[in-house]
Amino acid sequence: MSVKVSMKVNGKPVSAEVEERTLLVTLIREHLRLTGTHVGCDTAQCGACTVQMNGNVVKSCSMLAMQAEGADVRTIESVAAADGTLHPMQAAFKEHHGLQCGFCTPGMVMNAIDFAKKNPGASEHEVREALEGNLCRCTGYHNIVKAIMAGSKAMAGAK
Amino acid sequence: MSASLIGARVQRKEDYRFLTGAGQYTDDVTLPNQSYAAFVRSPHAHATIKSIKIDKAKKAPGVIAVYTGEDVAQAKLGGLPCGWLITDVNGQPMKEPPHPVLAQGKVRYVGDQVAVVVAETQEQARDAAEQVEVSYDVLPAVVDAVQATKKGAPVLHDIAPDNTCYVWALGDKAAVDAAFAKAAHVTKLEFVNNRLIPNAIEPRSANGSYSRADDNYTLYVASQNPHVERLLMTAFVMGLPEHKVRVVAPDVGGGFGSKIYLYAEDVAVTWASRQVGRPVKWTADRSESFVSDAHGRDHHTIAEMAMDKDGKFIGMRVHTHANVGAYLSTFASCVPTILYATLLAGQYTTPLIYCQVTAVFTNTAPVDAYRGAGRPEATYVVERLVETAAREMKLDPAEIRRRNFIREFPYQTPVALQYDTGDYEATLAAAIKMADVAGFAKRKEEAAKGGKLRGLGYAAYIEACGIAPSAVAGSLGARAGLFEAGEIRVHPTGSVTVFTGSHSHGQGHETTFAQVVAERLGMPVENVDIVHGDTSKILFGMGTYGSRSIAVGGTAIVKALDKIIDKGKKIAAHLMEASEGDVEYDKGVFKVSGTDKQKAFGEVAFAAYVPHNYPHDKLEPGLNENAFYDPSNFTFPAGSYVCEVEIDPDTGQTKIVNFTAVDDFGKIINPMIVEGQVHGGLTQGIGQALTENCHYDPDTGQLVTGSFSDYCIPRADDVPSYQVDTRETPCTHNPLGVKGCGEAGAIGAPAAVINAITDALWSMGIKDIPMPATAQTVWKAIQSASKKAA
Amino acid sequence: MHAFKYHRPGSVKDAAALVGKNADAKLLGGGQTLVQTMKLRLASPTDVVDLGTIKELAGIKVAGGTVEVGAMTRHAAVAGSAEVKKAIPALAALAGMIGDRQVREMGTIGGSIANSDPAADYPAAVLGLGATIITDKRKIEADKFFTGMFETALQPGEIITAVSFPVPKRAAYMKFKNPASRFAIVGVFVAETGNGIRVAVTGAGPNAFRVPEMEKALGAKFAPESVAKVKVKADDLNSDLHASAEYRAHLVTVMAKRAVEAAMK
């Protein structure tokens with residue numbers, strides 16, 4: 001059985017006929033071909049699928065597309081400026097070598113931006129705790145933490 | 001261009017695409033007319049297959065085809081080969097049971113692939129896979145290597161009735177026994193080097209397609225070495241000529257060894273794509289990765305160190321049972337032998353070493369190389385023995401190391417390797433200073449006031465990287481060469497594309513290799529692009545593993561650069577009407593020495609492609625060179641780690657409060673990237689020491705730790721920020737002086753952590769603690785020690 | 001995931017009608033457990049009834065000495081609520097320890113307690129504070145709600161609409177996490193309420209339970225040393241790869257002690 005689902009993704013209205021069992025991440029990756037959002041696990045731990053929904057970050061592999069009906073969804077593809085300039089958090093990840101293979105990176109960046117917005121001036125300890133839902137196997141988190149601290153500062157400065 | 005690019009913290013060229021979601025990983029590749037595969041896997045650890053009924057599955061919605069072992073047998077698909085032949089103590093070849101693409105009458109581990117369903121969508125394929133009815137006769141299973149060698153243990157393969165793949169040994173046993181007989185002190189430990197599941201965050205994925213038009217196959221696959229994958233798949237399994245198969249490893253989301261191997265799924269989708277006439281894609285979900293990726297480590301070891309009265313090591317004796325799983329994976333056989341026993345000298349002058357390894361088949365997933373591969377296991381043996389010996393002999397653990405350090409190079413170890421260079425005292429001294437070992441006693445006292453136990457542990461590791469001199473590897477059983485290839489394509493206007501057989505799946509080759517080339521040619525890094533991961537573009541390659549890329553792949557590029565510059569000199573000499581011998585190349589400019597005549601690199605490149613004024617009688621047009629490089633020796637990165645822990649005795653919880661790593665990787669191209677590699681390696685090593693453990697139920701052979709809910713890879717709040725630094729003794733036998741850095745952290749960290757924990761608990765009479773030292777494990781050790789004391 | 005039929009009822013009454021007549025239907029709260037189990041094909045409901053758009057189910061009301069949390073209130077909303085932080089800081093803190101940031105944006109209190117996962121955090125607060133579970137049919141006391149592993153007093157088709165927490169004099173929650181899943185190996189909620197001391201434990205047993213011996217000891221003297229000597233019996237506790245029953249029993253005492261310390265701050 002297929003159903004119609006409609007929402008805004010990266011500012012544009014989209015609608016699709018999907019199977020009811022379609023996950024939000026499947027809609028994003030397979031139907032909208034926005035492949036920057038990744039799937040790294042099937043038990044809601046790795047966070048590679050993290051997207052923003054209605055101003056908060058969620059794991060798009062852990063919800064049905066239907067649960068996002070009418071929502072405002074933003075993926076990694078919408079983070080940089082229209083002219084391609086990196087968002088301060090993305091720039092901080094680059095500057096501090098907060099990524100290696102790049103697979104966990106979109107989820108990390110989505111979570112980091114949301115966290116920094118809501119928790120300006122957070123401590124290293126708080127940053128590490130905020131990454132509980134994002135697994136990285138390459139970086140040992142050291143440079144991700146550094147990047148988020150710096151990106152957070154840059155975001156506050158850019159306001 | 002004044003500052004050197006070698007040693008510069010150049011930001012990564014690859015980051016932009018990863019940061020903006022524009023990376024292209026295998027699962028991101030969806031081809032026209034794409035179909036999807038799902039595998040039916042064995043739910044049992046050991047069983048004979050009575051029957052497989054596929055009628056229902058075939059009729060399920062969206063199903064295109066269903067294949068079983070019978071189909072692959074009929075198609076005469078060979079088994080998955082093992083790339084390294086180990087010869088046992090009796091001169092006999094190891095036992096190599098067939099490793100079929102789909103099970104032939106028997107399954108040998110939970111997750112063993114039994115059938116494959118191809119359907120219109122992934123969910124339809126999975127739905128239909130549930131409809132494949134397999135009837136099993138369940139057999140008793142064995143998951144532990146030591147148990148599997150015992151009489152009466154279930155037998156996996158007829159050709160190995162004692163489940164033993166080989167018994168292999170290195171060293172002079174009689175001489176070692178004699179050394180032990182005259183020892184003033186012997187330290188003995190028995191432990192398990194815990195089995196790990198690599199868990200790169202990108203799950204394995206493969207997308208095969210066949211073009212009838214030109215009778216060619218293309219396989220997109222998450223692989224660390226597309227050429228090796230192609231060679232093994234075409235020559236050994238599918239019986240195809242290599243020129244008919246293109247293997248592309250696009251962006252790959254981490255490997256750590258697990259994506260070196262040729263897997264059954266890769267073959268199955270490639271083969272099936274021809275059968276169904278459509279591209280066939282399979283991507284593991286994480287649960288599938290847990291059961292079907294090659295695992296790492298899993299040694300059971302008894303190790304002894306003999307010392308004289310001054311703590312000088314006089315002999316070492318090691319016996320290891322290595323679990324190789326149900327079948328031999330691609331490099332399974334060389335990991336617990338060639339990459340393990342040869343490293344048992346460590347950084348020390350131990351004159352006599354004997355190591356025996358029994359490799360054993362069990363009803364578990366195949367075990368193969370995982371970050372470090374053999375070398376973490378060796379380091380754990382050496383460094384646990386050394387630290388324990390120091391404590392038993394009441395010597396400072398740093399001092400016992402100093403007394404035994406190798407100080408003269410080259411140094412021939414008793415276990416086959418010749419170290420070219422190193423300075424172990426330098427890294428140890430630096431680590432001790434950086435970790436403020438001098439202030440430890442005070443910190444321990446402070447912690448004790450708060451009811452916490454502090455401990456400090458060292459690990460001084462060595463690894464053999466830059467794998468490998470092909471002739472040496474061949475004499476030890478390698479069935480492949482281990483050189484690397486590189487190609488430099490200079491474009492008419494002087495920019496450069498570099499093709500490398502190394503593969504980057506996080507290591508940042510697109511940046512470091514570009515730094516090497518840009519520095520050598522005297523141009524900005526932006527003018528150099530690195531291409532890797534596609535057999536149709538790159539002449540050949542052995543891929544990336546064993547910290548070999550910069551040492552072997554980088555050197556191949558340097559060799560090709562030398563040829564470019566040589567040819568450039570000839571062209572420049574012609575253009576400047578000078579003799580070739582008088583032309584020098586410096587920072588992007590060809591100069592005639594002693595004159596002010598010069599030609600920029602770009603001018604020479606242009607002349608090579610627009611050869612109006614050109615020495616056609618002596619030179620071909622164009623500026624494109626390739627090179628193959630086969631190293632003359634391994635490289636020997638080494639370092640000293642200091643770990644400081646604080647244990648909460650009420651819960652057993654260990655917190656790493658400080659971790660210091662000082663490494664010697666020889667020359668460093670990009671310190672930022674090197675530090676990142678160390679951080680990542682340390683975290684995997686800490687994961688092994690504290691949190692990660694692959695556990696199979698001993699009775700049923702079911703994988704108990706089959707998800708991130710039970711298998712704990714470290715999170716950000718499990719690890720500290722690290723203190724890292726380097727010392728430099730350049731490698732003597734490659735032009736860059738580089739040694740490799742990818743595995744160091746994972747090699748040195750486990751011993752450092754366990755040495756720190758046992759230091760904290762030593763006064764309670766706790767001499768050893770198993771890995772992973774989870775809170776429960778530490779708490780139980782404390783409980784039983786206090787019971788003993790009471 | 002197996003196929004199913006998706007429903008989006010506009011009211012609790014409509015939702016009840018949908019699940020009431022169908023034993024194979026499942027209510028969908030935030031989906032942080034249900035969607036996972038469906039993905040792993042461990043749950044295969046024929047019908048999924050999404051409560052996500054029923055407005056009356058979400059929200060926090062603080063009045064008359066109680067904090068009432070609507071069943072579809074997300075963990076992040078409870079953790080971040082200034083009112084909850086003021087009235088029952090321990091409850092906000094507990095909500096902030098569930099899962100991770102992303103999971104807390106979707107997961108709901110109703111979903112959590114209806115599932116009665118032995119390792120979930122909310123049951124400790126519900127039981128520790130002596131909350132009342134309000135359903136579309138009745139009110140259920142916390143003490144009668146958690147009946148077993150993944151079992152509650154809810155009737156088939158009965159829908160939780162809110163949970164009402166009485167504001168305690170002081171309270172605290174201490175959690176010893178499973179390092180992998182981040183669920184509680186042991187979590188202890190200690191509260192001094194208008195009706196006496198309550199100590200509730202999650203993670204250790206088949207479902208959340210109270211420890212009367214500790215409550216009694218704390219009633220005599222609300223201090224860490226009062227619980228330090230009280231041991232729960234390991235016999236009925238959970239045992240798995242991560243923690244044996246004996247270890248869990250020990251941790252109950254350690255976490256209780258630390259919760260009392262925290263509550264006194």
# chains A, B, ... in the order shown; residues from 1 in each chain; ligands from 1

$ interface_residues --of "chain B" --to "chain C" --cutoff "7 Å" --atoms "only C-alpha atoms" --output "PyMOL selection string"
chain B and resi 650-651+708-712+776

$ write_last_selection --atoms "N, CA, C and O atoms" --output "mmCIF file, in the first residue's frame"
data_model
loop_
_atom_site.group_PDB
_atom_site.id
_atom_site.type_symbol
_atom_site.label_atom_id
_atom_site.label_comp_id
_atom_site.auth_asym_id
_atom_site.auth_seq_id
_atom_site.Cartn_x
_atom_site.Cartn_y
_atom_site.Cartn_z
ATOM 1 N N ASP B 650 34.011 1.483 43.915
ATOM 2 C CA ASP B 650 32.610 1.147 44.242
ATOM 3 C C ASP B 650 31.883 0.533 43.039
ATOM 4 O O ASP B 650 31.001 -0.298 43.200
ATOM 5 N N THR B 651 32.226 0.999 41.851
ATOM 6 C CA THR B 651 31.535 0.494 40.667
ATOM 7 C C THR B 651 32.468 -0.302 39.751
ATOM 8 O O THR B 651 32.009 -1.009 38.857
ATOM 9 N N PHE B 708 25.174 -2.407 18.246
ATOM 10 C CA PHE B 708 25.814 -1.373 19.063
ATOM 11 C C PHE B 708 25.182 -1.284 20.457
ATOM 12 O O PHE B 708 25.697 -0.582 21.314
ATOM 13 N N SER B 709 24.063 -1.966 20.658
ATOM 14 C CA SER B 709 23.471 -1.981 21.997
ATOM 15 C C SER B 709 24.228 -2.908 22.928
ATOM 16 O O SER B 709 24.114 -2.808 24.148
ATOM 17 N N ASP B 710 24.973 -3.843 22.348
ATOM 18 C CA ASP B 710 25.719 -4.790 23.180
ATOM 19 C C ASP B 710 27.215 -4.762 22.916
ATOM 20 O O ASP B 710 28.002 -5.149 23.769
ATOM 21 N N TYR B 711 27.589 -4.359 21.710
ATOM 22 C CA TYR B 711 29.007 -4.235 21.385
ATOM 23 C C TYR B 711 29.353 -2.760 21.492
ATOM 24 O O TYR B 711 28.799 -1.928 20.767
ATOM 25 N N CYS B 712 30.246 -2.447 22.400
ATOM 26 C CA CYS B 712 30.434 -1.033 22.743
ATOM 27 C C CYS B 712 31.675 -0.446 22.087
ATOM 28 O O CYS B 712 32.781 -0.650 22.563
ATOM 29 N N GLN B 776 32.309 -4.035 35.341
ATOM 30 C CA GLN B 776 31.997 -5.282 36.037
ATOM 31 C C GLN B 776 33.242 -6.131 36.236
ATOM 32 O O GLN B 776 33.449 -6.713 37.302
#

$ residues_around --residues "Cys41 of chain A" --least-positions-apart "3" --cutoff "8 Å" --atoms "only C-alpha atoms" --output "compact mmCIF listing (two decimals) with N, CA and C atoms, in the first residue's frame"
# COMPACT_ATOMS: atom_id res chain seq x y z
N ALA A 44 19.62 2.83 16.06
CA ALA A 44 19.54 4.23 16.51
C ALA A 44 20.71 4.68 17.36
N GLN A 45 21.91 4.14 17.10
CA GLN A 45 23.04 4.58 17.90
C GLN A 45 24.02 5.49 17.15
N CYS A 46 24.25 5.23 15.87
CA CYS A 46 25.41 5.85 15.21
C CYS A 46 25.17 7.31 14.85
N ILE B 201 32.07 2.80 10.19
CA ILE B 201 30.68 3.30 10.29
C ILE B 201 29.91 3.13 8.97
N PRO B 203 28.65 0.69 6.49
CA PRO B 203 28.55 -0.77 6.34
C PRO B 203 29.04 -1.19 4.95
N ASP B 285 22.96 -4.10 6.48
CA ASP B 285 22.57 -3.28 7.63
C ASP B 285 23.53 -3.65 8.75
N ARG B 286 23.54 -2.87 9.80
CA ARG B 286 24.57 -3.04 10.81
C ARG B 286 24.52 -4.44 11.44
N SER B 287 23.32 -4.95 11.63
CA SER B 287 23.20 -6.29 12.23
C SER B 287 23.90 -7.31 11.35
N PHE B 708 25.17 -2.41 18.25
CA PHE B 708 25.81 -1.37 19.06
C PHE B 708 25.18 -1.28 20.46

$ closest_atom_pairs --of "chain A" --to "chain C" --cutoff "9 Å" --atoms "only C-alpha atoms" --output "CSV"
residue,atom,partner,partner_atom,distance
A:Met1,CA,C:Lys5,CA,7.6
A:Val3,CA,C:Tyr6,CA,8.8
A:Glu19,CA,C:Ala3,CA,7.9
A:Glu20,CA,C:Tyr6,CA,6.2
A:Arg21,CA,C:Ala3,CA,5.8
A:Thr22,CA,C:Met1,CA,8.7
A:Leu23,CA,C:Val35,CA,8.9
A:Asp42,CA,C:Gln36,CA,7.0
A:Thr43,CA,C:Gln36,CA,5.9
A:Ala44,CA,C:Gln36,CA,7.3
A:Gln45,CA,C:Ser181,CA,7.9
A:Gly47,CA,C:Gln102,CA,8.0
A:Thr50,CA,C:Gln102,CA,7.5
A:Asn56,CA,C:Glu105,CA,6.8
A:Val57,CA,C:Gln102,CA,5.4
A:Val58,CA,C:Gln102,CA,4.4
A:Lys59,CA,C:Gln102,CA,5.9
A:Cys61,CA,C:Gln36,CA,8.6
A:Ser62,CA,C:Val35,CA,5.9
A:Met63,CA,C:Gly31,CA,6.2
A:Leu64,CA,C:Val35,CA,7.5
A:Met66,CA,C:Tyr6,CA,8.2
A:Gln67,CA,C:Gly52,CA,7.2
A:Asn111,CA,C:Gln102,CA,8.0
A:Phe115,CA,C:Arg101,CA,8.7
A:Glu129,CA,C:Asp100,CA,8.5
A:Ala130,CA,C:Arg101,CA,6.5
A:Leu131,CA,C:Asp100,CA,7.8
A:Glu132,CA,C:Asp100,CA,5.5
A:Gly133,CA,C:Asp100,CA,5.0
A:Asn134,CA,C:Asp100,CA,8.7

$ closest_atom_pairs --of "chain A" --to "chain B" --cutoff "7 Å" --atoms "only C-alpha atoms" --output "JSON lines"
{"residue": "A:Thr35", "atom": "CA", "partner": "B:Asp28", "partner_atom": "CA", "distance": 5.8}
{"residue": "A:Gly36", "atom": "CA", "partner": "B:Gly21", "partner_atom": "CA", "distance": 3.6}
{"residue": "A:Thr37", "atom": "CA", "partner": "B:Gly21", "partner_atom": "CA", "distance": 6.9}
{"residue": "A:Gly40", "atom": "CA", "partner": "B:Ile201", "partner_atom": "CA", "distance": 5.3}
{"residue": "A:Cys41", "atom": "CA", "partner": "B:Arg286", "partner_atom": "CA", "distance": 4.6}
{"residue": "A:Asp42", "atom": "CA", "partner": "B:Arg286", "partner_atom": "CA", "distance": 5.7}
{"residue": "A:Gln45", "atom": "CA", "partner": "B:Phe708", "partner_atom": "CA", "distance": 6.7}
{"residue": "A:Ile76", "atom": "CA", "partner": "B:Gly21", "partner_atom": "CA", "distance": 5.7}
{"residue": "A:Glu77", "atom": "CA", "partner": "B:Thr20", "partner_atom": "CA", "distance": 5.6}
{"residue": "A:Ala80", "atom": "CA", "partner": "B:Thr20", "partner_atom": "CA", "distance": 6.8}
{"residue": "A:Gln90", "atom": "CA", "partner": "B:Leu19", "partner_atom": "CA", "distance": 6.1}
{"residue": "A:Lys94", "atom": "CA", "partner": "B:Asp15", "partner_atom": "CA", "distance": 6.2}
{"residue": "A:Glu95", "atom": "CA", "partner": "B:Gln11", "partner_atom": "CA", "distance": 6.4}
{"residue": "A:Gln100", "atom": "CA", "partner": "B:Gly506", "partner_atom": "CA", "distance": 4.2}
{"residue": "A:Cys101", "atom": "CA", "partner": "B:Gly506", "partner_atom": "CA", "distance": 3.5}
{"residue": "A:Gly102", "atom": "CA", "partner": "B:Phe18", "partner_atom": "CA", "distance": 5.1}
{"residue": "A:Phe103", "atom": "CA", "partner": "B:Gly253", "partner_atom": "CA", "distance": 5.0}
{"residue": "A:Cys104", "atom": "CA", "partner": "B:Ile201", "partner_atom": "CA", "distance": 6.8}
{"residue": "A:Thr105", "atom": "CA", "partner": "B:Leu19", "partner_atom": "CA", "distance": 6.5}
{"residue": "A:Pro106", "atom": "CA", "partner": "B:Gly21", "partner_atom": "CA", "distance": 6.2}
{"residue": "A:Arg128", "atom": "CA", "partner": "B:Asp717", "partner_atom": "CA", "distance": 4.9}
{"residue": "A:Glu129", "atom": "CA", "partner": "B:Asp717", "partner_atom": "CA", "distance": 5.7}
{"residue": "A:Leu131", "atom": "CA", "partner": "B:Ala716", "partner_atom": "CA", "distance": 6.1}
{"residue": "A:Glu132", "atom": "CA", "partner": "B:Arg715", "partner_atom": "CA", "distance": 6.3}
{"residue": "A:Leu135", "atom": "CA", "partner": "B:Arg715", "partner_atom": "CA", "distance": 6.1}
{"residue": "A:Cys136", "atom": "CA", "partner": "B:Ile201", "partner_atom": "CA", "distance": 6.9}
{"residue": "A:Arg137", "atom": "CA", "partner": "B:Ala200", "partner_atom": "CA", "distance": 6.2}
{"residue": "A:Cys138", "atom": "CA", "partner": "B:Gly680", "partner_atom": "CA", "distance": 4.9}
{"residue": "A:Thr139", "atom": "CA", "partner": "B:Gly680", "partner_atom": "CA", "distance": 4.4}
{"residue": "A:Gly140", "atom": "CA", "partner": "B:Gly680", "partner_atom": "CA", "distance": 4.1}
{"residue": "A:Tyr141", "atom": "CA", "partner": "B:Ala716", "partner_atom": "CA", "distance": 5.5}
{"residue": "A:His142", "atom": "CA", "partner": "B:Ser721", "partner_atom": "CA", "distance": 5.4}

$ atom_distance --atom1 "atom CA of Val525 of chain B" --atom2 "atom CA of Asp586 of chain B"
16.4 Å

$ residues_around --residues "Ser329 of chain B" --least-positions-apart "4" --cutoff "10 Å" --atoms "only C-alpha atoms" --output "PyMOL selection string"
chain B and resi 80-84+99+260-263+294-295+324-325+333+365-369

$ write_last_selection --atoms "all heavy atoms" --output "short mmCIF file (atom, residue, chain, number, x, y, z; two decimals), in the first residue's frame"
data_model
loop_
_atom_site.label_atom_id
_atom_site.label_comp_id
_atom_site.auth_asym_id
_atom_site.auth_seq_id
_atom_site.Cartn_x
_atom_site.Cartn_y
_atom_site.Cartn_z
N LEU B 80 36.18 -18.62 -2.16
CA LEU B 80 36.95 -17.42 -1.87
C LEU B 80 38.35 -17.84 -1.46
O LEU B 80 38.51 -18.65 -0.54
CB LEU B 80 36.27 -16.62 -0.76
CG LEU B 80 34.82 -16.24 -1.03
CD1 LEU B 80 34.21 -15.58 0.22
CD2 LEU B 80 34.70 -15.31 -2.22
N PRO B 81 39.38 -17.30 -2.10
CA PRO B 81 40.73 -17.77 -1.84
C PRO B 81 41.38 -17.11 -0.62
O PRO B 81 40.99 -16.02 -0.22
CB PRO B 81 41.48 -17.36 -3.11
CG PRO B 81 40.76 -16.14 -3.57
CD PRO B 81 39.33 -16.29 -3.17
N CYS B 82 42.38 -17.78 -0.08
CA CYS B 82 43.22 -17.17 0.95
C CYS B 82 44.54 -16.79 0.29
O CYS B 82 45.13 -17.58 -0.44
CB CYS B 82 43.46 -18.14 2.10
SG CYS B 82 44.53 -17.44 3.37
N GLY B 83 44.98 -15.58 0.54
CA GLY B 83 46.13 -15.03 -0.18
C GLY B 83 47.48 -15.32 0.44
O GLY B 83 48.49 -14.77 -0.01
N TRP B 84 47.53 -16.13 1.47
CA TRP B 84 48.81 -16.35 2.11
C TRP B 84 48.91 -17.81 2.57
O TRP B 84 48.09 -18.27 3.35
CB TRP B 84 48.98 -15.43 3.32
CG TRP B 84 50.41 -15.16 3.66
CD1 TRP B 84 51.33 -16.09 4.10
CD2 TRP B 84 51.12 -13.92 3.62
NE1 TRP B 84 52.54 -15.50 4.31
CE2 TRP B 84 52.45 -14.17 4.02
CE3 TRP B 84 50.76 -12.62 3.26
CZ2 TRP B 84 53.42 -13.16 4.10
CZ3 TRP B 84 51.71 -11.62 3.34
CH2 TRP B 84 53.03 -11.88 3.76
N HIS B 99 35.77 -22.27 0.69
CA HIS B 99 34.97 -21.19 1.29
C HIS B 99 33.98 -20.73 0.23
O HIS B 99 34.23 -19.79 -0.52
CB HIS B 99 35.90 -20.05 1.70
CG HIS B 99 35.22 -18.94 2.43
ND1 HIS B 99 35.89 -17.84 2.88
CD2 HIS B 99 33.93 -18.74 2.79
CE1 HIS B 99 35.04 -17.02 3.47
NE2 HIS B 99 33.84 -17.54 3.43
N ILE B 260 39.42 -5.01 3.31
CA ILE B 260 40.49 -5.51 2.46
C ILE B 260 39.99 -6.70 1.63
O ILE B 260 40.35 -6.86 0.48
CB ILE B 260 41.70 -6.00 3.30
CG1 ILE B 260 42.32 -4.87 4.10
CG2 ILE B 260 42.75 -6.67 2.42
CD1 ILE B 260 43.40 -5.34 5.09
N TYR B 261 39.14 -7.49 2.22
CA TYR B 261 38.93 -8.86 1.75
C TYR B 261 37.91 -8.97 0.63
O TYR B 261 37.01 -8.16 0.50
CB TYR B 261 38.51 -9.74 2.94
CG TYR B 261 39.25 -9.32 4.17
CD1 TYR B 261 38.59 -8.78 5.27
CD2 TYR B 261 40.65 -9.35 4.19
CE1 TYR B 261 39.30 -8.33 6.37
CE2 TYR B 261 41.36 -8.89 5.28
CZ TYR B 261 40.68 -8.37 6.37
OH TYR B 261 41.37 -7.90 7.44
N LEU B 262 38.09 -10.05 -0.12
CA LEU B 262 37.05 -10.40 -1.08
C LEU B 262 35.98 -11.16 -0.31
O LEU B 262 36.24 -12.20 0.29
CB LEU B 262 37.63 -11.30 -2.18
CG LEU B 262 36.59 -11.80 -3.18
CD1 LEU B 262 35.97 -10.64 -3.96
CD2 LEU B 262 37.21 -12.80 -4.15
N TYR B 263 34.78 -10.61 -0.33
CA TYR B 263 33.66 -11.22 0.39
C TYR B 263 32.70 -11.91 -0.58
O TYR B 263 32.59 -11.50 -1.76
CB TYR B 263 32.88 -10.15 1.16
CG TYR B 263 33.54 -9.66 2.42
CD1 TYR B 263 34.29 -8.50 2.42
CD2 TYR B 263 33.38 -10.33 3.63
CE1 TYR B 263 34.88 -8.01 3.59
CE2 TYR B 263 33.96 -9.85 4.81
CZ TYR B 263 34.70 -8.69 4.79
OH TYR B 263 35.26 -8.22 5.95
N ALA B 294 34.61 -9.64 8.49
CA ALA B 294 35.69 -10.36 9.15
C ALA B 294 35.99 -9.68 10.49
O ALA B 294 36.04 -8.46 10.57
CB ALA B 294 36.93 -10.37 8.28
N HIS B 295 36.16 -10.49 11.52
CA HIS B 295 36.47 -9.97 12.85
C HIS B 295 37.99 -9.90 13.03
O HIS B 295 38.74 -10.28 12.13
CB HIS B 295 35.87 -10.87 13.92
CG HIS B 295 34.37 -10.89 13.91
ND1 HIS B 295 33.62 -11.70 14.72
CD2 HIS B 295 33.47 -10.19 13.16
CE1 HIS B 295 32.32 -11.50 14.48
NE2 HIS B 295 32.21 -10.59 13.54
N VAL B 324 40.71 -18.56 13.77
CA VAL B 324 40.58 -18.00 12.41
C VAL B 324 39.14 -18.00 11.92
O VAL B 324 38.86 -17.59 10.80
CB VAL B 324 41.48 -18.73 11.37
CG1 VAL B 324 42.96 -18.52 11.71
CG2 VAL B 324 41.15 -20.20 11.25
N GLY B 325 38.22 -18.48 12.77
CA GLY B 325 36.82 -18.51 12.37
C GLY B 325 36.51 -19.73 11.53
O GLY B 325 37.28 -20.70 11.50
N SER B 333 45.58 -16.10 7.40
CA SER B 333 46.65 -16.99 7.84
C SER B 333 47.93 -16.25 8.22
O SER B 333 48.69 -16.72 9.06
CB SER B 333 46.95 -18.01 6.75
OG SER B 333 47.14 -17.33 5.52
N ALA B 365 32.47 -16.17 12.74
CA ALA B 365 32.79 -15.43 11.51
C ALA B 365 34.30 -15.50 11.27
O ALA B 365 35.08 -15.58 12.21
CB ALA B 365 32.34 -13.98 11.62
N PRO B 366 34.72 -15.47 10.00
CA PRO B 366 36.15 -15.47 9.72
C PRO B 366 36.86 -14.32 10.45
O PRO B 366 36.30 -13.24 10.62
CB PRO B 366 36.21 -15.28 8.21
CG PRO B 366 34.91 -15.84 7.72
CD PRO B 366 33.91 -15.51 8.78
N VAL B 367 38.08 -14.58 10.88
CA VAL B 367 38.89 -13.57 11.56
C VAL B 367 40.03 -13.18 10.63
O VAL B 367 40.67 -14.05 10.03
CB VAL B 367 39.47 -14.12 12.88
CG1 VAL B 367 40.35 -13.08 13.57
CG2 VAL B 367 38.34 -14.56 13.81
N ASP B 368 40.27 -11.92 10.49
CA ASP B 368 41.35 -11.47 9.60
C ASP B 368 41.97 -10.21 10.19
O ASP B 368 41.79 -9.90 11.37
CB ASP B 368 40.79 -11.24 8.18
CG ASP B 368 41.83 -11.45 7.09
OD1 ASP B 368 42.99 -11.04 7.29
OD2 ASP B 368 41.49 -11.99 6.02
N ALA B 369 42.68 -9.46 9.35
CA ALA B 369 43.40 -8.29 9.84
C ALA B 369 42.42 -7.20 10.27
O ALA B 369 41.50 -6.85 9.54
CB ALA B 369 44.31 -7.74 8.75
#

$ closest_residue --among "B:Asp127, B:Asp534, B:Asp423, B:Asp88" --to "Asn225 of chain B" --atoms "only C-alpha atoms"
B:Asp534

$ closest_residue --among "B:Glu519, B:Phe540, B:Val589, B:Lys618" --to "Leu561 of chain B" --atoms "only C-alpha atoms"
B:Glu519
